[in-house]
Amino acid sequence: MPIPQRRIGRDGPLTGVLSLGSWHTYDRMDFREAVALLQTAVDAGISLFDVGVYGLPGSPPAGTDVLFSAMVRAAGLRREDYLLSAKLWLEGYPEHSLRAQLENALFRAGVSHADLVILGDLRRDDTDLRALVTDLAGLRSAGLIGQWGVNNWPASAIKAVHGFATADGVPGPAIAQLKYSVARRSIPDGAPFASVFSLGVSLQASDVFEGGVLLGKGGRPVGRDPGDVRQRIAGSAADLAKAAESVGATPAQLCLAFTLTHPANTTTLFGATGVRQLEDNLAAVALVERVGAAELRSLVEPFWADRDVVDPEGP
């Protein structure tokens, strides 16, 4: 059976509770296997694909989004068969406009619009949030984007852009992409983000495996380490594997299943480098149904590494 579907924000499209990311993933795969992976995902009900790469001048070259375009053609998918999520980065904003970034991203991905765009980390204190809302409304009016969201923003900043959008009568943020895993829970589970989710902003869980560290793997690109807890996370991998075994699951399945228990989570973003790995990970949905949300959350409680370490308001 296809995986369950949930809505992006209050009025966005439905998407599978699992979504597939591609941060340098397709670059490392045999092309034929990558095409089979894409087709398997769509057949299973995964409809949202994040193909965001750094697109600013001077950024390292990456081919993931270009490869995705070729994969779509080889799999014979129509544009209506999938939802595309792109990233827009704020390090060069407003000198480098959102529209210029987006048009480049769309050209590389071989599409005319993105169903969802995610604004990258908010690193500068002088970013004009109201101007961002206005620019995004313009992109939507032009038919270049559907919904928009943010990546690892503080709760207060998300509420600010939501307020600007409401005041101006334009669409506000639909989704917040946040680090959320059995190890990093303080921000999505905290009170500040509960107030964000009450506005109709939904959650997209990301960094679910901590770049493979939670699975006892290493050597891949890993994101930032809020709270400086990565070493502690790495040290918990063996015990996490035992916990997963106790419920007849793999560590990856347990990690994914945990994120699906968050009431605001629309979809959990993860990467896979092969069809078999993807099929194994899809079993996380059945794991939630078999074990139950409360029992799963209790089981992974000891692995909460950033409890009382990271401010639940966010970065």
# chains A, B, ... in the order shown; residues from 1 in each chain; ligands from 1
$ select_by_dssp --residues "range 176-232 of chain A" --states "strand (DSSP E)" --output "VMD selection string"
chain A and resid 176 to 179 202 to 206
$ residues_around --residues "range 190-205 of chain A" --least-positions-apart "5" --cutoff "8 Å" --atoms "only C-alpha atoms" --output "short mmCIF file (atom, residue, chain, number, x, y, z; two decimals) with N, CA, C and O atoms, in the first residue's frame"
data_model
loop_
_atom_site.label_atom_id
_atom_site.label_comp_id
_atom_site.auth_asym_id
_atom_site.auth_seq_id
_atom_site.Cartn_x
_atom_site.Cartn_y
_atom_site.Cartn_z
N ILE A 8 0.89 19.87 3.21
CA ILE A 8 1.92 20.87 3.50
C ILE A 8 1.23 22.15 3.96
O ILE A 8 0.49 22.76 3.19
N GLY A 9 1.43 22.53 5.21
CA GLY A 9 0.78 23.72 5.74
C GLY A 9 -0.72 23.51 5.83
O GLY A 9 -1.22 22.39 5.93
N ARG A 10 -1.45 24.64 5.82
CA ARG A 10 -2.91 24.56 5.92
C ARG A 10 -3.57 24.22 4.59
O ARG A 10 -4.59 23.51 4.55
N ALA A 155 12.08 30.22 16.03
CA ALA A 155 10.63 30.31 16.06
C ALA A 155 10.16 31.75 15.93
O ALA A 155 9.18 32.05 15.24
N SER A 156 10.86 32.68 16.58
CA SER A 156 10.44 34.09 16.54
C SER A 156 10.49 34.65 15.13
O SER A 156 9.63 35.45 14.74
N ILE A 158 10.12 32.94 12.31
CA ILE A 158 9.03 32.35 11.54
C ILE A 158 7.72 33.05 11.87
O ILE A 158 6.92 33.36 10.97
N LYS A 159 7.49 33.35 13.15
CA LYS A 159 6.28 34.07 13.53
C LYS A 159 6.28 35.48 12.95
O LYS A 159 5.22 36.01 12.59
N PRO A 173 4.70 31.36 5.46
CA PRO A 173 5.42 30.08 5.47
C PRO A 173 4.48 28.90 5.72
O PRO A 173 3.63 28.96 6.60
N ALA A 174 4.65 27.86 4.93
CA ALA A 174 3.81 26.67 5.06
C ALA A 174 4.49 25.56 5.86
O ALA A 174 3.81 24.72 6.44
N ILE A 175 5.82 25.59 5.88
CA ILE A 175 6.53 24.45 6.47
C ILE A 175 7.87 24.91 7.04
O ILE A 175 8.47 25.87 6.54
N ALA A 176 8.30 24.26 8.10
CA ALA A 176 9.61 24.52 8.69
C ALA A 176 10.42 23.23 8.62
O ALA A 176 10.02 22.21 9.19
N GLN A 177 11.52 23.28 7.90
CA GLN A 177 12.43 22.13 7.82
C GLN A 177 13.39 22.25 9.00
O GLN A 177 14.16 23.20 9.10
N LEU A 178 13.33 21.28 9.92
CA LEU A 178 14.10 21.34 11.15
C LEU A 178 14.84 20.03 11.38
O LEU A 178 14.35 18.95 11.02
N LYS A 179 16.02 20.14 12.00
CA LYS A 179 16.69 18.94 12.47
C LYS A 179 15.78 18.27 13.49
O LYS A 179 15.39 18.88 14.48
N TYR A 180 15.44 17.01 13.25
CA TYR A 180 14.58 16.29 14.20
C TYR A 180 14.92 14.81 14.13
O TYR A 180 14.83 14.18 13.08
N SER A 181 15.34 14.28 15.25
CA SER A 181 15.73 12.88 15.31
C SER A 181 15.60 12.40 16.74
O SER A 181 15.26 13.16 17.65
N ARG A 185 15.87 16.74 19.61
CA ARG A 185 14.43 16.90 19.76
C ARG A 185 14.04 18.24 20.38
O ARG A 185 12.87 18.62 20.34
N THR A 259 10.21 10.10 14.00
CA THR A 259 9.83 11.41 13.47
C THR A 259 8.37 11.45 13.05
O THR A 259 7.73 12.51 13.12
N ALA A 264 2.85 17.52 14.29
CA ALA A 264 2.90 18.56 13.25
C ALA A 264 3.69 18.12 12.03
O ALA A 264 3.78 18.88 11.05
N ASN A 265 4.27 16.93 12.06
CA ASN A 265 5.15 16.52 10.96
C ASN A 265 4.35 16.14 9.72
O ASN A 265 3.54 15.21 9.75
N THR A 266 4.59 16.87 8.64
CA THR A 266 3.97 16.53 7.37
C THR A 266 4.76 15.44 6.67
O THR A 266 4.20 14.48 6.14
N THR A 267 6.08 15.57 6.65
CA THR A 267 6.91 14.62 5.92
C THR A 267 8.32 14.59 6.49
O THR A 267 8.80 15.60 7.01
N THR A 268 8.96 13.45 6.43
CA THR A 268 10.32 13.28 6.92
C THR A 268 11.25 13.08 5.73
O THR A 268 11.04 12.20 4.90
N LEU A 269 12.27 13.92 5.68
CA LEU A 269 13.21 13.94 4.56
C LEU A 269 14.42 13.06 4.89
O LEU A 269 15.04 13.20 5.95
N PRO A 312 15.22 25.81 22.82
CA PRO A 312 14.10 25.38 21.98
C PRO A 312 13.56 26.46 21.05
O PRO A 312 12.80 26.16 20.14
N GLU A 313 13.98 27.70 21.25
CA GLU A 313 13.62 28.78 20.32
C GLU A 313 14.25 28.55 18.96
O GLU A 313 13.73 28.98 17.95
#
$ residues_around --residues "range 162-172 of chain A" --least-positions-apart "3" --cutoff "9 Å" --atoms "only C-alpha atoms" --output "JSON, numbers by chain"
{"A": [129, 130, 133, 134, 136, 137, 140, 147, 148, 149, 157, 158, 159, 199, 201]}
$ select_by_dssp --residues "range 32-139 of chain A" --states "helix (DSSP H, G or I)" --output "MDAnalysis selection string"
chainID A and resid 32:44 64:75 79:81 98:109 129:139
$ residues_around --residues "Phe31 in chain A" --least-positions-apart "6" --cutoff "10 Å" --atoms "only C-alpha atoms" --output "list in words"
Leu37, Leu67, Phe68, Ala70, Met71 and Ala74 of chain A
$ atom_distance --atom1 "CA of Leu77 in chain A" --atom2 "CA of Thr273 in chain A"
19.7 Å
$ closest_residue --among "A:Ala305, A:Ala286, A:Val161, A:Ala272" --to "Met29 in chain A" --atoms "only C-alpha atoms"
A:Ala272
$ residues_around --residues "range 233-249 of chain A" --least-positions-apart "2" --cutoff "6 Å" --atoms "only C-alpha atoms" --output "PDB file with all heavy atoms, in the first residue's frame"
ATOM      1  N   VAL A 213      25.609   9.106  11.376  1.00  0.00           N
ATOM      2  CA  VAL A 213      26.259   8.911  12.678  1.00  0.00           C
ATOM      3  C   VAL A 213      25.389   8.057  13.604  1.00  0.00           C
ATOM      4  O   VAL A 213      25.876   7.180  14.329  1.00  0.00           O
ATOM      5  CB  VAL A 213      26.583  10.278  13.323  1.00  0.00           C
ATOM      6  CG1 VAL A 213      27.096  10.098  14.752  1.00  0.00           C
ATOM      7  CG2 VAL A 213      27.600  11.034  12.485  1.00  0.00           C
ATOM      8  N   LEU A 214      24.062   8.305  13.590  1.00  0.00           N
ATOM      9  CA  LEU A 214      23.164   7.532  14.437  1.00  0.00           C
ATOM     10  C   LEU A 214      23.120   6.055  14.037  1.00  0.00           C
ATOM     11  O   LEU A 214      22.738   5.202  14.842  1.00  0.00           O
ATOM     12  CB  LEU A 214      21.751   8.109  14.374  1.00  0.00           C
ATOM     13  CG  LEU A 214      21.407   9.187  15.398  1.00  0.00           C
ATOM     14  CD1 LEU A 214      20.123   9.899  15.015  1.00  0.00           C
ATOM     15  CD2 LEU A 214      21.311   8.589  16.795  1.00  0.00           C
ATOM     16  N   LEU A 215      23.513   5.770  12.815  1.00  0.00           N
ATOM     17  CA  LEU A 215      23.494   4.390  12.318  1.00  0.00           C
ATOM     18  C   LEU A 215      24.861   3.734  12.426  1.00  0.00           C
ATOM     19  O   LEU A 215      25.067   2.640  11.904  1.00  0.00           O
ATOM     20  CB  LEU A 215      23.016   4.369  10.861  1.00  0.00           C
ATOM     21  CG  LEU A 215      21.715   5.129  10.559  1.00  0.00           C
ATOM     22  CD1 LEU A 215      21.350   4.983   9.090  1.00  0.00           C
ATOM     23  CD2 LEU A 215      20.585   4.653  11.456  1.00  0.00           C
ATOM     24  N   GLY A 216      25.798   4.435  13.094  1.00  0.00           N
ATOM     25  CA  GLY A 216      27.135   3.884  13.238  1.00  0.00           C
ATOM     26  C   GLY A 216      27.987   4.037  12.003  1.00  0.00           C
ATOM     27  O   GLY A 216      28.981   3.324  11.829  1.00  0.00           O
ATOM     28  N   ARG A 230      27.444  15.966  18.919  1.00  0.00           N
ATOM     29  CA  ARG A 230      27.593  14.895  17.927  1.00  0.00           C
ATOM     30  C   ARG A 230      28.388  13.710  18.452  1.00  0.00           C
ATOM     31  O   ARG A 230      28.081  12.550  18.137  1.00  0.00           O
ATOM     32  CB  ARG A 230      28.233  15.439  16.641  1.00  0.00           C
ATOM     33  CG  ARG A 230      28.321  14.376  15.538  1.00  0.00           C
ATOM     34  CD  ARG A 230      28.476  14.993  14.167  1.00  0.00           C
ATOM     35  NE  ARG A 230      27.283  15.701  13.769  1.00  0.00           N
ATOM     36  CZ  ARG A 230      27.277  16.897  13.175  1.00  0.00           C
ATOM     37  NH1 ARG A 230      28.426  17.512  12.923  1.00  0.00           N
ATOM     38  NH2 ARG A 230      26.151  17.473  12.828  1.00  0.00           N
ATOM     39  N   GLN A 231      29.409  13.972  19.269  1.00  0.00           N
ATOM     40  CA  GLN A 231      30.192  12.865  19.802  1.00  0.00           C
ATOM     41  C   GLN A 231      29.335  11.976  20.698  1.00  0.00           C
ATOM     42  O   GLN A 231      29.434  10.743  20.680  1.00  0.00           O
ATOM     43  CB  GLN A 231      31.400  13.397  20.586  1.00  0.00           C
ATOM     44  CG  GLN A 231      32.442  12.327  20.910  1.00  0.00           C
ATOM     45  CD  GLN A 231      32.990  11.639  19.669  1.00  0.00           C
ATOM     46  OE1 GLN A 231      33.303  12.297  18.672  1.00  0.00           O
ATOM     47  NE2 GLN A 231      33.093  10.314  19.706  1.00  0.00           N
ATOM     48  N   PRO A 251      17.945   0.166  12.859  1.00  0.00           N
ATOM     49  CA  PRO A 251      18.100   1.516  13.423  1.00  0.00           C
ATOM     50  C   PRO A 251      17.506   2.598  12.530  1.00  0.00           C
ATOM     51  O   PRO A 251      16.899   3.545  13.029  1.00  0.00           O
ATOM     52  CB  PRO A 251      19.619   1.660  13.556  1.00  0.00           C
ATOM     53  CG  PRO A 251      20.131   0.263  13.693  1.00  0.00           C
ATOM     54  CD  PRO A 251      19.227  -0.571  12.827  1.00  0.00           C
ATOM     55  N   LEU A 254      13.752   2.683  12.945  1.00  0.00           N
ATOM     56  CA  LEU A 254      13.371   3.266  14.231  1.00  0.00           C
ATOM     57  C   LEU A 254      13.525   4.787  14.203  1.00  0.00           C
ATOM     58  O   LEU A 254      12.665   5.525  14.692  1.00  0.00           O
ATOM     59  CB  LEU A 254      14.216   2.666  15.358  1.00  0.00           C
ATOM     60  CG  LEU A 254      13.935   3.193  16.772  1.00  0.00           C
ATOM     61  CD1 LEU A 254      12.475   2.979  17.155  1.00  0.00           C
ATOM     62  CD2 LEU A 254      14.856   2.514  17.787  1.00  0.00           C
TER      63      LEU A 254
END
